[in-house]
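Colleague: Handing you this structure, nothing more for now.
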Amino acid sequence: MTIAHSTQRKDHPLSMRLADADIAIIDRAASLRGRSRTEFMRDAAVRTAEEVIMENTLIRMSPEGFAAFVDMLDRPAKPVPEMVELLKRPAPWESKPAAE
């Protein structure tokens with residue numbers, strides 16, 4: 001027997017008073033992203049909220065786990081060939097070296 005689960009969407013309206021200049025810049029940015037003002041504002045607010053939560057989240061670990069973590073940080077860095085190659089390339093805004 002299959003049980004169907006229905007997901008109910010619950011929308012909660014949010015009202016803000018913003019200056020014309022704020023609306024103009026938000027609308028411009030939303031347009032550049034191809035989003036509506038509502039979508040843009042929601043995404044920006046949720047992203048900022050997630051960042052704040054992550055900044056204030058306590059990470060717990062055992063003393064052994066912490067010692068292993070610190071040990072890994074203390075080890076000499078090993079080059080990653082792909083990163084070394086990438087960093088050798090000129091940046092797009094730099095002039096390309098002359099052909100020899």
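Ordered as shown in the structure tokens, chains take letters A, B, and onward, while each chain numbers its residues from 1 and ligands are numbered from 1 in the order shown.
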Which residues are near Ala44 in chain A? Cut-off 12 Å, only C-alpha atoms, ignore same chain within fewer than 3 positions. Put them as an MDAnalysis selection string.
Modeller: chainID A and resid 26 29:30 33 35 37:41 47:51
Colleague: According to DSSP computed on the backbone, where in chain A is there alpha helix (DSSP H)? Give the residues as a CSV table (one decimal) with N, CA and C atoms, in the first residue's frame.
Modeller:
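The file below, out_31.csv, is the result:
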chain,number,residue,atom,x,y,z
A,20,ASP,N,12.6,54.9,-2.3
A,20,ASP,CA,12.6,54.7,-3.8
A,20,ASP,C,14.0,54.3,-4.3
A,21,ALA,N,15.1,54.9,-3.7
A,21,ALA,CA,16.4,54.5,-4.2
A,21,ALA,C,16.7,53.1,-3.9
A,22,ASP,N,16.3,52.6,-2.7
A,22,ASP,CA,16.5,51.2,-2.4
A,22,ASP,C,15.7,50.2,-3.4
A,23,ILE,N,14.5,50.6,-3.7
A,23,ILE,CA,13.7,49.8,-4.6
A,23,ILE,C,14.3,49.8,-6.0
A,24,ALA,N,14.9,50.9,-6.4
A,24,ALA,CA,15.5,51.0,-7.7
A,24,ALA,C,16.7,50.1,-7.8
A,25,ILE,N,17.5,50.1,-6.8
A,25,ILE,CA,18.7,49.3,-6.9
A,25,ILE,C,18.4,47.8,-6.8
A,26,ILE,N,17.4,47.5,-5.9
A,26,ILE,CA,16.9,46.1,-5.8
A,26,ILE,C,16.3,45.6,-7.1
A,27,ASP,N,15.5,46.4,-7.8
A,27,ASP,CA,14.9,46.1,-9.0
A,27,ASP,C,16.0,45.9,-10.1
A,28,ARG,N,17.0,46.8,-10.1
A,28,ARG,CA,18.1,46.7,-11.1
A,28,ARG,C,18.8,45.4,-10.9
A,29,ALA,N,19.2,45.0,-9.7
A,29,ALA,CA,19.9,43.8,-9.4
A,29,ALA,C,19.0,42.6,-9.8
A,30,ALA,N,17.7,42.6,-9.4
A,30,ALA,CA,16.8,41.5,-9.7
A,30,ALA,C,16.7,41.3,-11.2
A,31,SER,N,16.7,42.4,-12.0
A,31,SER,CA,16.6,42.3,-13.4
A,31,SER,C,17.9,41.7,-14.0
A,32,LEU,N,19.0,42.1,-13.5
A,32,LEU,CA,20.3,41.5,-13.9
A,32,LEU,C,20.3,40.0,-13.7
A,33,ARG,N,19.7,39.6,-12.7
A,33,ARG,CA,19.6,38.1,-12.4
A,33,ARG,C,18.5,37.4,-13.1
A,37,ARG,N,11.4,40.9,-8.2
A,37,ARG,CA,11.8,41.6,-7.0
A,37,ARG,C,11.6,40.6,-5.8
A,38,THR,N,10.4,39.9,-5.8
A,38,THR,CA,10.1,39.0,-4.7
A,38,THR,C,11.1,37.9,-4.6
A,39,GLU,N,11.4,37.3,-5.7
A,39,GLU,CA,12.4,36.2,-5.7
A,39,GLU,C,13.7,36.6,-5.3
A,40,PHE,N,14.1,37.8,-5.8
A,40,PHE,CA,15.4,38.3,-5.4
A,40,PHE,C,15.5,38.6,-4.0
A,41,MET,N,14.5,39.3,-3.4
A,41,MET,CA,14.5,39.7,-2.0
A,41,MET,C,14.5,38.4,-1.1
A,42,ARG,N,13.7,37.4,-1.5
A,42,ARG,CA,13.6,36.2,-0.7
A,42,ARG,C,15.0,35.5,-0.7
A,43,ASP,N,15.6,35.4,-1.9
A,43,ASP,CA,16.9,34.7,-2.0
A,43,ASP,C,17.9,35.4,-1.2
A,44,ALA,N,18.0,36.7,-1.3
A,44,ALA,CA,19.0,37.5,-0.5
A,44,ALA,C,18.8,37.4,1.0
A,45,ALA,N,17.5,37.5,1.4
A,45,ALA,CA,17.2,37.4,2.8
A,45,ALA,C,17.6,36.0,3.4
A,46,VAL,N,17.2,35.0,2.7
A,46,VAL,CA,17.5,33.6,3.1
A,46,VAL,C,19.0,33.3,3.1
A,47,ARG,N,19.7,33.8,2.1
A,47,ARG,CA,21.2,33.6,2.0
A,47,ARG,C,21.8,34.3,3.2
A,48,THR,N,21.4,35.5,3.5
A,48,THR,CA,22.0,36.3,4.6
A,48,THR,C,21.7,35.6,5.9
A,49,ALA,N,20.4,35.1,6.1
A,49,ALA,CA,20.1,34.4,7.3
A,49,ALA,C,20.9,33.2,7.5
A,50,GLU,N,21.1,32.4,6.4
A,50,GLU,CA,22.0,31.2,6.5
A,50,GLU,C,23.4,31.5,6.9
A,51,GLU,N,23.9,32.6,6.4
A,51,GLU,CA,25.3,33.0,6.8
A,51,GLU,C,25.4,33.4,8.2
A,52,VAL,N,24.4,34.1,8.7
A,52,VAL,CA,24.4,34.5,10.2
A,52,VAL,C,24.3,33.3,11.0
A,53,ILE,N,23.5,32.3,10.7
A,53,ILE,CA,23.3,31.1,11.5
A,53,ILE,C,24.7,30.3,11.4
A,54,MET,N,25.3,30.2,10.3
A,54,MET,CA,26.6,29.5,10.2
A,54,MET,C,27.7,30.1,11.0
A,55,GLU,N,27.7,31.5,11.0
A,55,GLU,CA,28.7,32.2,11.8
A,55,GLU,C,28.5,32.0,13.3
A,63,PRO,N,37.9,15.5,22.1
A,63,PRO,CA,39.4,16.0,22.2
A,63,PRO,C,40.2,15.3,21.2
A,64,GLU,N,39.9,14.0,20.9
A,64,GLU,CA,40.7,13.2,19.9
A,64,GLU,C,40.5,13.8,18.5
A,65,GLY,N,39.2,14.1,18.2
A,65,GLY,CA,38.9,14.6,16.9
A,65,GLY,C,39.6,16.0,16.7
A,66,PHE,N,39.6,16.8,17.8
A,66,PHE,CA,40.2,18.2,17.7
A,66,PHE,C,41.7,18.0,17.5
A,67,ALA,N,42.3,17.1,18.2
A,67,ALA,CA,43.8,16.9,18.1
A,67,ALA,C,44.1,16.4,16.7
A,68,ALA,N,43.3,15.6,16.0
A,68,ALA,CA,43.5,15.1,14.7
A,68,ALA,C,43.3,16.3,13.7
A,69,PHE,N,42.3,17.2,14.0
A,69,PHE,CA,42.1,18.4,13.1
A,69,PHE,C,43.3,19.3,13.2
A,70,VAL,N,43.8,19.6,14.4
A,70,VAL,CA,44.9,20.5,14.6
A,70,VAL,C,46.2,19.9,13.9
A,71,ASP,N,46.3,18.6,14.0
A,71,ASP,CA,47.5,17.9,13.4
A,71,ASP,C,47.4,18.1,11.9
A,72,MET,N,46.2,18.0,11.3
A,72,MET,CA,46.1,18.2,9.8
A,72,MET,C,46.5,19.6,9.4
A,73,LEU,N,46.1,20.6,10.3
A,73,LEU,CA,46.4,22.0,10.0
A,73,LEU,C,47.9,22.2,10.1
A,74,ASP,N,48.5,21.5,11.0
A,74,ASP,CA,50.0,21.8,11.3
A,74,ASP,C,50.9,21.1,10.2
A,81,PRO,N,48.4,19.8,-8.2
A,81,PRO,CA,48.9,20.1,-9.6
A,81,PRO,C,47.9,21.0,-10.4
A,82,GLU,N,46.6,20.7,-10.3
A,82,GLU,CA,45.6,21.5,-11.0
A,82,GLU,C,45.6,22.9,-10.6
A,83,MET,N,45.8,23.2,-9.3
A,83,MET,CA,45.8,24.5,-8.8
A,83,MET,C,47.1,25.3,-9.2
A,84,VAL,N,48.2,24.5,-9.2
A,84,VAL,CA,49.5,25.1,-9.6
A,84,VAL,C,49.4,25.6,-11.1
A,85,GLU,N,48.8,24.7,-11.9
A,85,GLU,CA,48.6,25.0,-13.4
A,85,GLU,C,47.7,26.2,-13.5
A,86,LEU,N,46.6,26.2,-12.8
A,86,LEU,CA,45.7,27.3,-12.9
A,86,LEU,C,46.3,28.6,-12.5
A,87,LEU,N,47.1,28.6,-11.5
A,87,LEU,CA,47.7,29.9,-11.0
A,87,LEU,C,48.8,30.4,-12.0
A,88,LYS,N,49.3,29.5,-12.8
A,88,LYS,CA,50.3,29.9,-13.8
A,88,LYS,C,49.7,30.6,-15.0
